[in-house]
>>> print(open('final-v2.txt').read())   # compact mmCIF, C-alpha atoms
# COMPACT_ATOMS: atom_id res chain seq x y z
CA MET A 1 -39.97 -14.56 28.09
CA LYS A 2 -39.79 -16.20 24.71
CA ASN A 3 -41.26 -13.10 23.13
CA LYS A 4 -38.59 -10.95 24.69
CA GLN A 5 -35.88 -13.25 23.47
CA ARG A 6 -37.30 -13.10 19.98
CA GLN A 7 -37.36 -9.33 20.14
CA ASN A 8 -33.72 -9.30 21.24
CA ASN A 9 -32.90 -11.62 18.40
CA LEU A 10 -34.64 -9.35 15.91
CA ARG A 11 -32.75 -6.39 17.24
CA THR A 12 -29.45 -8.23 16.86
CA LEU A 13 -30.35 -9.25 13.31
CA LEU A 14 -31.18 -5.67 12.44
CA TRP A 15 -27.91 -4.45 13.94
CA LEU A 16 -25.96 -7.12 12.02
CA THR A 17 -27.56 -6.18 8.70
CA CYS A 18 -27.04 -2.46 9.25
CA ILE A 19 -23.45 -2.77 10.41
CA HIS A 20 -22.47 -4.84 7.37
CA PHE A 21 -24.34 -2.43 5.14
CA PHE A 22 -22.32 0.48 6.53
CA ILE A 23 -19.02 -1.40 6.55
CA SER A 24 -19.55 -2.31 2.91
CA ALA A 25 -20.62 1.24 2.04
CA PHE A 26 -17.50 2.77 3.58
CA THR A 27 -14.72 0.35 2.68
CA PHE A 28 -13.04 0.46 -0.66
CA GLY A 29 -11.48 -2.67 -2.07
CA GLY A 30 -13.27 -5.03 0.31
CA GLY A 31 -11.44 -8.14 1.47
CA TYR A 32 -8.68 -7.44 3.91
CA VAL A 33 -9.82 -3.88 4.60
CA VAL A 34 -13.04 -5.20 6.12
CA VAL A 35 -11.17 -7.10 8.85
CA PRO A 36 -10.17 -3.97 10.84
CA MET A 37 -13.74 -2.63 10.49
CA VAL A 38 -15.27 -5.87 11.76
CA ARG A 39 -12.76 -5.87 14.58
CA LYS A 40 -13.73 -2.37 15.72
CA TYR A 41 -17.46 -3.12 15.81
CA PHE A 42 -17.67 -6.81 16.71
CA VAL A 43 -14.68 -7.19 19.02
CA GLN A 44 -14.00 -3.81 20.58
CA LYS A 45 -17.46 -2.25 20.68
CA LYS A 46 -19.98 -5.07 21.05
CA LYS A 47 -17.63 -7.79 22.33
CA TYR A 48 -19.31 -10.52 20.29
CA PHE A 49 -15.93 -12.16 19.63
CA SER A 50 -12.48 -12.23 21.19
CA GLU A 51 -9.48 -11.11 19.13
CA ASP A 52 -8.56 -14.75 18.68
CA GLU A 53 -12.01 -15.69 17.39
CA LEU A 54 -11.83 -12.79 14.93
CA MET A 55 -8.59 -14.24 13.61
CA ASP A 56 -10.28 -17.65 13.28
CA ILE A 57 -13.05 -16.11 11.22
CA ALA A 58 -10.66 -14.02 9.12
CA ALA A 59 -8.49 -17.05 8.39
CA VAL A 60 -11.46 -19.20 7.39
CA SER A 61 -12.93 -16.53 5.12
CA GLN A 62 -9.59 -16.04 3.44
CA SER A 63 -9.10 -19.76 2.94
CA SER A 64 -12.48 -20.04 1.21
CA PRO A 65 -13.02 -19.00 -2.39
CA GLY A 66 -14.96 -15.92 -3.47
CA ALA A 67 -15.20 -12.48 -1.92
CA ILE A 68 -13.44 -12.42 1.45
CA ALA A 69 -15.59 -9.59 2.79
CA VAL A 70 -18.82 -11.46 2.05
CA ASN A 71 -17.48 -14.70 3.53
CA LEU A 72 -16.50 -12.77 6.63
CA ALA A 73 -19.92 -11.14 6.88
CA ALA A 74 -21.64 -14.53 6.56
CA LEU A 75 -19.47 -16.05 9.29
CA THR A 76 -20.12 -13.23 11.78
CA GLY A 77 -23.85 -13.56 11.17
CA TRP A 78 -23.73 -17.34 11.43
CA ARG A 79 -21.86 -17.33 14.73
CA ILE A 80 -24.16 -14.76 16.34
CA CYS A 81 -27.60 -15.56 14.89
CA GLY A 82 -27.37 -18.76 12.83
CA ALA A 83 -28.64 -19.12 9.27
CA ALA A 84 -30.83 -15.99 9.34
CA GLY A 85 -27.83 -13.99 10.52
CA ALA A 86 -25.63 -15.35 7.73
CA VAL A 87 -28.16 -14.53 5.00
CA LEU A 88 -28.90 -11.03 6.31
CA CYS A 89 -25.23 -10.17 6.79
CA CYS A 90 -24.49 -11.19 3.18
CA LEU A 91 -27.41 -9.10 2.03
CA GLY A 92 -26.15 -6.14 4.03
CA ALA A 93 -22.72 -6.50 2.46
CA ILE A 94 -23.88 -6.74 -1.17
CA LEU A 95 -26.63 -4.12 -1.13
CA PRO A 96 -24.43 -0.97 -1.13
CA PRO A 97 -22.52 -1.97 -4.28
CA LEU A 98 -25.79 -2.93 -5.95
CA ILE A 99 -27.40 0.42 -5.16
CA ILE A 100 -24.36 2.58 -5.86
CA LEU A 101 -23.46 0.84 -9.10
CA SER A 102 -27.01 0.85 -10.46
CA VAL A 103 -26.95 4.60 -10.03
CA ILE A 104 -23.45 5.07 -11.40
CA SER A 105 -23.59 2.64 -14.32
CA THR A 106 -25.55 5.11 -16.46
CA PHE A 107 -22.98 7.90 -16.18
CA TYR A 108 -19.85 6.11 -15.10
CA THR A 109 -17.45 7.88 -17.46
CA ALA A 110 -18.41 11.23 -15.90
CA PHE A 111 -18.02 9.71 -12.44
CA ALA A 112 -14.60 8.23 -13.15
CA SER A 113 -13.20 11.52 -14.45
CA ASN A 114 -14.69 13.76 -11.73
CA LEU A 115 -11.91 15.61 -9.89
CA ILE A 116 -13.73 16.09 -6.58
CA ILE A 117 -14.59 12.41 -6.35
CA ALA A 118 -10.97 11.50 -7.10
CA ALA A 119 -9.77 13.86 -4.33
CA VAL A 120 -12.21 12.47 -1.74
CA LEU A 121 -11.23 8.92 -2.66
CA LYS A 122 -7.55 9.76 -2.27
CA GLY A 123 -8.21 11.06 1.22
CA MET A 124 -10.19 7.95 2.13
CA GLN A 125 -7.37 5.77 0.87
CA ALA A 126 -5.07 7.30 3.51
CA GLY A 127 -7.71 6.43 6.14
CA VAL A 128 -7.90 2.84 4.90
CA ALA A 129 -4.11 2.60 5.02
CA ALA A 130 -4.14 3.75 8.67
CA LEU A 131 -6.87 1.25 9.60
CA ILE A 132 -5.11 -1.71 8.05
CA ALA A 133 -1.69 -0.73 9.45
CA ASP A 134 -3.22 -0.57 12.94
CA LEU A 135 -4.78 -4.01 12.49
CA VAL A 136 -1.56 -5.60 11.25
CA LEU A 137 0.44 -4.27 14.22
CA GLU A 138 -2.02 -5.48 16.85
CA MET A 139 -2.68 -8.86 15.27
CA TYR A 140 0.99 -9.58 14.84
CA ALA A 141 1.58 -8.72 18.50
CA LEU A 142 -1.04 -11.37 19.35
CA ILE A 143 0.70 -14.02 17.25
CA ILE A 144 4.11 -13.20 18.74
CA LYS A 145 2.58 -13.57 22.20
CA GLN A 146 1.81 -17.24 21.45
CA ARG A 147 5.58 -17.85 21.55
CA SER A 148 5.62 -20.17 18.57
CA LYS A 149 8.68 -19.64 16.40
CA LEU A 150 6.96 -21.27 13.43
CA LEU A 151 3.94 -18.96 13.50
CA THR A 152 6.00 -15.84 14.23
CA LEU A 153 8.17 -16.56 11.18
CA MET A 154 5.25 -17.65 9.01
CA VAL A 155 3.68 -14.17 8.94
CA PRO A 156 6.64 -12.30 7.36
CA ALA A 157 7.40 -15.32 5.16
CA VAL A 158 3.89 -15.30 3.66
CA PHE A 159 4.08 -11.53 3.32
CA LEU A 160 7.33 -11.71 1.33
CA ALA A 161 6.18 -14.67 -0.75
CA ASN A 162 2.98 -12.88 -1.70
CA PHE A 163 4.16 -9.29 -2.01
CA ILE A 164 7.64 -9.71 -3.50
CA LEU A 165 7.49 -13.13 -5.18
CA ASP A 166 3.81 -12.94 -6.19
CA ILE A 167 3.14 -16.58 -5.27
CA ASN A 168 -0.47 -17.77 -5.61
CA VAL A 169 -2.55 -17.47 -2.43
CA ALA A 170 -3.95 -21.02 -2.61
CA VAL A 171 -0.41 -22.43 -2.89
CA LEU A 172 0.72 -20.36 0.11
CA LEU A 173 -2.18 -21.49 2.28
CA LEU A 174 -1.52 -25.15 1.42
CA LEU A 175 2.20 -24.79 2.14
CA CYS A 176 1.46 -23.24 5.55
CA CYS A 177 -0.93 -26.06 6.45
CA LEU A 178 1.74 -28.59 5.44
CA CYS A 179 4.43 -26.84 7.51
CA SER A 180 2.26 -26.80 10.61
CA LEU A 181 1.31 -30.47 10.12
CA ILE A 182 4.96 -31.51 9.78
CA ALA A 183 5.90 -29.45 12.84
CA ALA A 184 3.05 -31.04 14.81
CA LEU A 185 4.14 -34.54 13.76
CA ILE A 186 7.74 -33.89 14.80
CA GLU A 187 6.61 -32.49 18.13
CA LYS A 188 4.39 -35.48 18.82
CA ARG A 189 7.14 -37.93 17.99
CA ARG A 190 9.59 -36.08 20.22
CA LYS A 191 7.17 -36.31 23.13
CA LYS A 192 6.80 -40.08 22.67
CA PHE A 193 10.49 -40.86 22.98
CA MET B 1 -33.63 -13.32 -20.83
CA THR B 2 -33.89 -16.21 -18.39
CA GLU B 3 -31.20 -18.01 -20.34
CA ARG B 4 -28.91 -15.00 -20.03
CA LEU B 5 -29.54 -14.90 -16.27
CA ILE B 6 -28.70 -18.57 -15.87
CA GLU B 7 -25.54 -18.07 -17.93
CA LEU B 8 -24.56 -15.11 -15.75
CA PHE B 9 -25.16 -17.08 -12.57
CA TYR B 10 -23.19 -20.05 -13.88
CA ALA B 11 -20.27 -17.96 -15.15
CA PHE B 12 -19.96 -16.10 -11.85
CA TRP B 13 -20.44 -19.28 -9.87
CA GLN B 14 -17.32 -20.59 -11.60
CA ILE B 15 -15.49 -17.34 -10.96
CA GLY B 16 -16.43 -17.38 -7.27
CA PHE B 17 -15.57 -21.03 -6.83
CA PHE B 18 -12.13 -20.94 -8.41
CA SER B 19 -10.75 -17.78 -6.87
CA ILE B 20 -8.99 -17.87 -3.53
CA GLY B 21 -7.55 -14.69 -2.09
CA GLY B 22 -10.37 -12.34 -3.09
CA GLY B 23 -10.02 -8.92 -4.68
CA TYR B 24 -7.49 -8.69 -7.45
CA ALA B 25 -7.09 -12.46 -7.73
CA ILE B 26 -10.59 -12.63 -9.19
CA ILE B 27 -10.13 -10.11 -12.02
CA PRO B 28 -8.37 -12.35 -14.58
CA LEU B 29 -10.99 -15.08 -14.02
CA ILE B 30 -13.82 -12.62 -14.62
CA GLN B 31 -12.13 -11.34 -17.75
CA GLU B 32 -11.76 -14.84 -19.13
CA GLN B 33 -15.45 -15.64 -18.67
CA VAL B 34 -17.07 -12.32 -19.40
CA VAL B 35 -14.93 -10.95 -22.22
CA GLU B 36 -13.38 -13.98 -23.87
CA LYS B 37 -15.90 -16.78 -23.39
CA TYR B 38 -19.31 -15.09 -23.45
CA GLY B 39 -18.40 -11.78 -25.07
CA TRP B 40 -20.85 -9.84 -22.89
CA LEU B 41 -18.44 -6.92 -22.71
CA THR B 42 -15.58 -5.54 -24.76
CA GLU B 43 -12.07 -5.27 -23.37
CA LYS B 44 -12.46 -1.48 -23.04
CA VAL B 45 -15.72 -1.60 -21.06
CA PHE B 46 -14.23 -4.29 -18.83
CA ALA B 47 -11.23 -2.08 -18.03
CA ASP B 48 -13.65 0.77 -17.19
CA ILE B 49 -15.60 -1.55 -14.92
CA ILE B 50 -12.49 -2.50 -12.97
CA THR B 51 -11.66 1.18 -12.45
CA ILE B 52 -15.19 1.97 -11.26
CA SER B 53 -15.20 -1.09 -8.99
CA GLN B 54 -12.08 0.18 -7.31
CA MET B 55 -13.51 3.67 -6.97
CA THR B 56 -16.78 2.57 -5.37
CA PRO B 57 -17.08 1.01 -1.93
CA GLY B 58 -17.74 -2.66 -1.31
CA PRO B 59 -15.90 -5.88 -2.10
CA LEU B 60 -14.15 -5.72 -5.46
CA ALA B 61 -15.53 -9.07 -6.64
CA VAL B 62 -19.08 -8.06 -5.73
CA ASN B 63 -18.69 -4.69 -7.43
CA THR B 64 -17.38 -6.24 -10.60
CA SER B 65 -20.03 -8.94 -10.78
CA THR B 66 -22.78 -6.42 -10.03
CA PHE B 67 -21.55 -4.10 -12.75
CA VAL B 68 -21.09 -6.84 -15.36
CA GLY B 69 -24.55 -8.19 -14.52
CA LEU B 70 -26.05 -4.72 -14.87
CA LYS B 71 -24.45 -4.21 -18.28
CA ALA B 72 -25.36 -7.68 -19.52
CA ALA B 73 -28.95 -8.02 -18.25
CA GLY B 74 -29.99 -5.11 -16.04
CA LEU B 75 -30.86 -5.36 -12.35
CA PRO B 76 -31.88 -9.07 -12.44
CA GLY B 77 -28.55 -9.74 -14.13
CA ALA B 78 -26.71 -7.94 -11.34
CA ALA B 79 -28.50 -10.05 -8.73
CA ALA B 80 -27.81 -13.31 -10.60
CA ALA B 81 -24.11 -12.53 -11.10
CA THR B 82 -23.54 -11.38 -7.52
CA LEU B 83 -25.36 -14.37 -6.04
CA GLY B 84 -23.39 -16.73 -8.26
CA CYS B 85 -20.14 -15.08 -7.23
CA ILE B 86 -20.66 -15.32 -3.47
CA ILE B 87 -22.66 -18.50 -2.96
CA SER B 88 -19.90 -21.12 -3.02
CA GLY B 89 -17.51 -19.03 -0.95
CA VAL B 90 -20.10 -18.46 1.76
CA VAL B 91 -21.13 -22.12 1.90
CA ILE B 92 -17.53 -23.32 1.99
CA ALA B 93 -16.61 -20.74 4.66
CA LEU B 94 -19.53 -21.87 6.86
CA LEU B 95 -18.62 -25.54 6.45
CA LEU B 96 -14.94 -24.87 7.13
CA ASP B 97 -15.79 -22.81 10.21
CA SER B 98 -18.01 -25.51 11.70
CA PHE B 99 -15.36 -28.12 10.85
CA PHE B 100 -12.72 -26.20 12.81
CA GLN B 101 -15.10 -25.59 15.72
CA LYS B 102 -16.12 -29.25 15.86
CA HIS B 103 -12.52 -30.43 15.95
CA SER B 104 -11.18 -27.79 18.30
CA GLY B 105 -10.24 -30.53 20.78
CA SER B 106 -8.13 -32.56 18.39
CA TYR B 107 -4.34 -32.42 18.19
CA TYR B 108 -3.76 -31.54 14.53
CA ILE B 109 -6.78 -29.50 13.39
CA PRO B 110 -6.29 -26.44 15.67
CA LYS B 111 -2.63 -26.38 14.59
CA ILE B 112 -3.73 -26.16 10.96
CA LEU B 113 -6.11 -23.34 11.84
CA ASN B 114 -3.28 -21.53 13.64
CA SER B 115 -1.10 -21.72 10.57
CA LEU B 116 -3.96 -20.44 8.41
CA LYS B 117 -4.29 -17.51 10.83
CA ALA B 118 -0.61 -16.69 10.50
CA ALA B 119 -0.81 -17.01 6.72
CA SER B 120 -3.89 -14.83 6.60
CA LEU B 121 -2.12 -12.11 8.59
CA GLY B 122 0.79 -12.33 6.15
CA LEU B 123 -1.66 -11.81 3.29
CA ILE B 124 -3.28 -8.87 5.08
CA MET B 125 0.22 -7.44 5.50
CA SER B 126 0.75 -7.79 1.78
CA ALA B 127 -2.55 -6.00 1.10
CA ALA B 128 -1.48 -3.29 3.57
CA ALA B 129 1.81 -2.82 1.73
CA VAL B 130 -0.05 -2.45 -1.57
CA ILE B 131 -2.44 0.11 -0.07
CA LEU B 132 0.40 2.07 1.56
CA LEU B 133 2.32 2.16 -1.72
CA LEU B 134 -0.79 3.24 -3.63
CA THR B 135 -1.48 5.97 -1.08
CA PHE B 136 2.04 7.33 -0.78
CA CYS B 137 3.44 6.76 -4.25
CA GLY B 138 0.44 6.23 -6.53
CA THR B 139 1.64 2.80 -7.66
CA SER B 140 1.16 -0.72 -6.31
CA ASP B 141 4.46 -1.92 -7.77
CA TYR B 142 7.39 -1.31 -5.42
CA LYS B 143 9.79 -1.39 -8.39
CA ALA B 144 8.04 1.55 -10.06
CA ILE B 145 8.22 4.01 -7.15
CA GLN B 146 9.05 7.49 -8.35
CA ASP B 147 7.65 10.19 -6.11
CA LEU B 148 6.18 10.62 -2.67
CA ASP B 149 2.85 12.29 -1.98
CA VAL B 150 3.56 14.29 1.20
CA ILE B 151 -0.10 15.21 1.84
CA SER B 152 -1.08 11.55 1.99
CA VAL B 153 1.73 10.77 4.43
CA PHE B 154 0.40 13.43 6.81
CA LEU B 155 -3.18 12.28 6.33
CA PHE B 156 -2.11 8.70 7.08
CA LEU B 157 -0.17 9.70 10.19
CA GLY B 158 -3.05 11.88 11.40
CA ALA B 159 -5.58 9.09 10.87
CA PHE B 160 -3.32 6.53 12.52
CA PHE B 161 -2.78 8.77 15.53
CA ALA B 162 -6.48 9.66 15.85
CA MET B 163 -7.43 6.00 15.82
CA ARG B 164 -4.86 4.88 18.38
CA LYS B 165 -5.29 7.83 20.73
CA TRP B 166 -9.04 8.46 20.65
CA LYS B 167 -10.32 5.09 19.39
CA LEU B 168 -12.15 6.94 16.64
CA ASN B 169 -15.07 5.17 14.96
CA PRO B 170 -13.67 3.84 11.63
CA ILE B 171 -16.61 4.97 9.51
CA LEU B 172 -16.31 8.48 10.94
CA LEU B 173 -12.59 8.29 10.26
CA MET B 174 -13.27 7.45 6.61
CA VAL B 175 -15.69 10.36 6.30
CA ILE B 176 -13.20 12.82 7.86
CA CYS B 177 -10.37 11.55 5.64
CA GLY B 178 -12.61 11.87 2.58
CA ILE B 179 -13.55 15.48 3.42
CA LEU B 180 -9.93 16.42 4.17
CA GLY B 181 -8.85 14.76 0.92
CA GLY B 182 -11.50 16.72 -0.96
CA PHE B 183 -10.04 19.99 0.35
CA LEU B 184 -6.36 19.10 0.19
CA TYR B 185 -6.22 17.54 -3.26
CA ILE B 186 -8.41 19.96 -5.22
>>> encode(input="final-v2.txt", output="structure tokens")
Amino acid sequence: MKNKQRQNNLRTLLWLTCIHFFISAFTFGGGYVVVPMVRKYFVQKKKYFSEDELMDIAAVSQSSPGAIAVNLAALTGWRICGAAGAVLCCLGAILPPLIILSVISTFYTAFASNLIIAAVLKGMQAGVAALIADLVLEMYALIIKQRSKLLTLMVPAVFLANFILDINVAVLLLLCCLCSLIAALIEKRRKKF
Amino acid sequence: MTERLIELFYAFWQIGFFSIGGGYAIIPLIQEQVVEKYGWLTEKVFADIITISQMTPGPLAVNTSTFVGLKAAGLPGAAAATLGCIISGVVIALLLDSFFQKHSGSYYIPKILNSLKAASLGLIMSAAAVILLLTFCGTSDYKAIQDLDVISVFLFLGAFFAMRKWKLNPILLMVICGILGGFLYI
């Protein structure tokens, strides 16, 4: 029984490492682009997390410093398989850049000016744009469903503040936390009286 | 050599620790440490590295630290820089996650997490806008829009439709888009 469990665990660990390896090898830019990939494999295919849990993980990895994609990989591994999962998922996520760049670094000027590579990358960019647009639509629908005016307004407000006004991400995150705390305080007080 | 590795680890530890928001937010920090403070790379090589990091898959911060490490001290350098760059973020993310899970029954903490979720979606939206602009117009600055790349609009719509209608595997989608791009843009 215990042996079988261990075997299952090993299989999950292997899957986790491989999936993060492939996600990292096929996403350009990392960070936010990884979220729709993780959603497809972890939420829709394997059902390891609910949509809401995915948003928890995405929010936490974005509120932590460093590379968002690696933070996200570590959290998925941690939640499914503990410390071993976290370490292996990180490894899976950083190996493709390590391999690809070690190969490229010797002839990178030729690589950067290659026309075919540029054309393929341009095509992939359109695919990434479609993935992330799909994610944004579905996630925003989930937030609207919660019927909280504050949260529904917060999404476009942060978008405008970041995209148009170029306000620092750390400042935005802190402001949002403050807003929600103030709103929670007001609500609590209202209930008391 | 060992000294160089420790320096690389320490420099990228600082970079990883002080950058929130990932991706492009990290670039100026890396430049400050790598070009200005330690002088491992010249301005020109650094600019090349950023271009290559954007052209190759994987997280931008990891790509850049790997490449800088490679240039400064070979493969061990790449490992030291990458590890330094990710370690604090991963530890903080794990701590933050268990903090939110532990206090999921409290009144205030889940509300804070909810606002972080909304904020994070807003930031993803902003990243999506940048990617859409880059794809359609070749610039990430909405004030500098000049022309529209019609091929990319059709590719985008096709990919979007294929994903919604047939629930296409995203990695397969990337491969198909890459092949189509290779034919359409040459």
>>> closest_residue(input="final-v2.txt", among="B:Tyr142, B:Leu180, B:Val45, B:Gln31", to="Gly158 in chain B", atoms="all atoms listed in the file")
B:Leu180
>>> closest_residue(input="final-v2.txt", among="B:Leu96, B:Val175, B:Ala73, B:Ile15", to="Gln33 in chain B", atoms="only C-alpha atoms")
B:Ile15
>>> atom_distance(input="final-v2.txt", atom1="CA of Asp56 in chain A", atom2="CA of Gly127 in chain A")
25.2 Å
>>> residues_around(input="final-v2.txt", residues="range 101-103 of chain A", least_positions_apart="3", cutoff="8 Å", atoms="only C-alpha atoms", output="list of chain:residue names")
A:Pro97, A:Leu98, A:Thr106, B:Thr56, B:Asn63, B:Thr66, B:Phe67, B:Leu70, B:Leu75
>>> write_last_selection(input="final-v2.txt", atoms="C-alpha atoms", output="PDB file, in the frame of the given file")
ATOM      1  CA  PRO A  97     -22.520  -1.970  -4.280  1.00  0.00           C
ATOM      2  CA  LEU A  98     -25.790  -2.930  -5.950  1.00  0.00           C
ATOM      3  CA  THR A 106     -25.550   5.110 -16.460  1.00  0.00           C
TER       4      THR A 106
ATOM      5  CA  THR B  56     -16.780   2.570  -5.370  1.00  0.00           C
ATOM      6  CA  ASN B  63     -18.690  -4.690  -7.430  1.00  0.00           C
ATOM      7  CA  THR B  66     -22.780  -6.420 -10.030  1.00  0.00           C
ATOM      8  CA  PHE B  67     -21.550  -4.100 -12.750  1.00  0.00           C
ATOM      9  CA  LEU B  70     -26.050  -4.720 -14.870  1.00  0.00           C
ATOM     10  CA  LEU B  75     -30.860  -5.360 -12.350  1.00  0.00           C
TER      11      LEU B  75
END
>>> atom_distance(input="final-v2.txt", atom1="CA of Leu123 in chain B", atom2="CA of Phe136 in chain B")
19.9 Å
>>> closest_residue(input="final-v2.txt", among="B:Gly138, B:Gly89, B:Gly84, B:Pro28", to="chain A", atoms="all atoms listed in the file")
B:Gly89
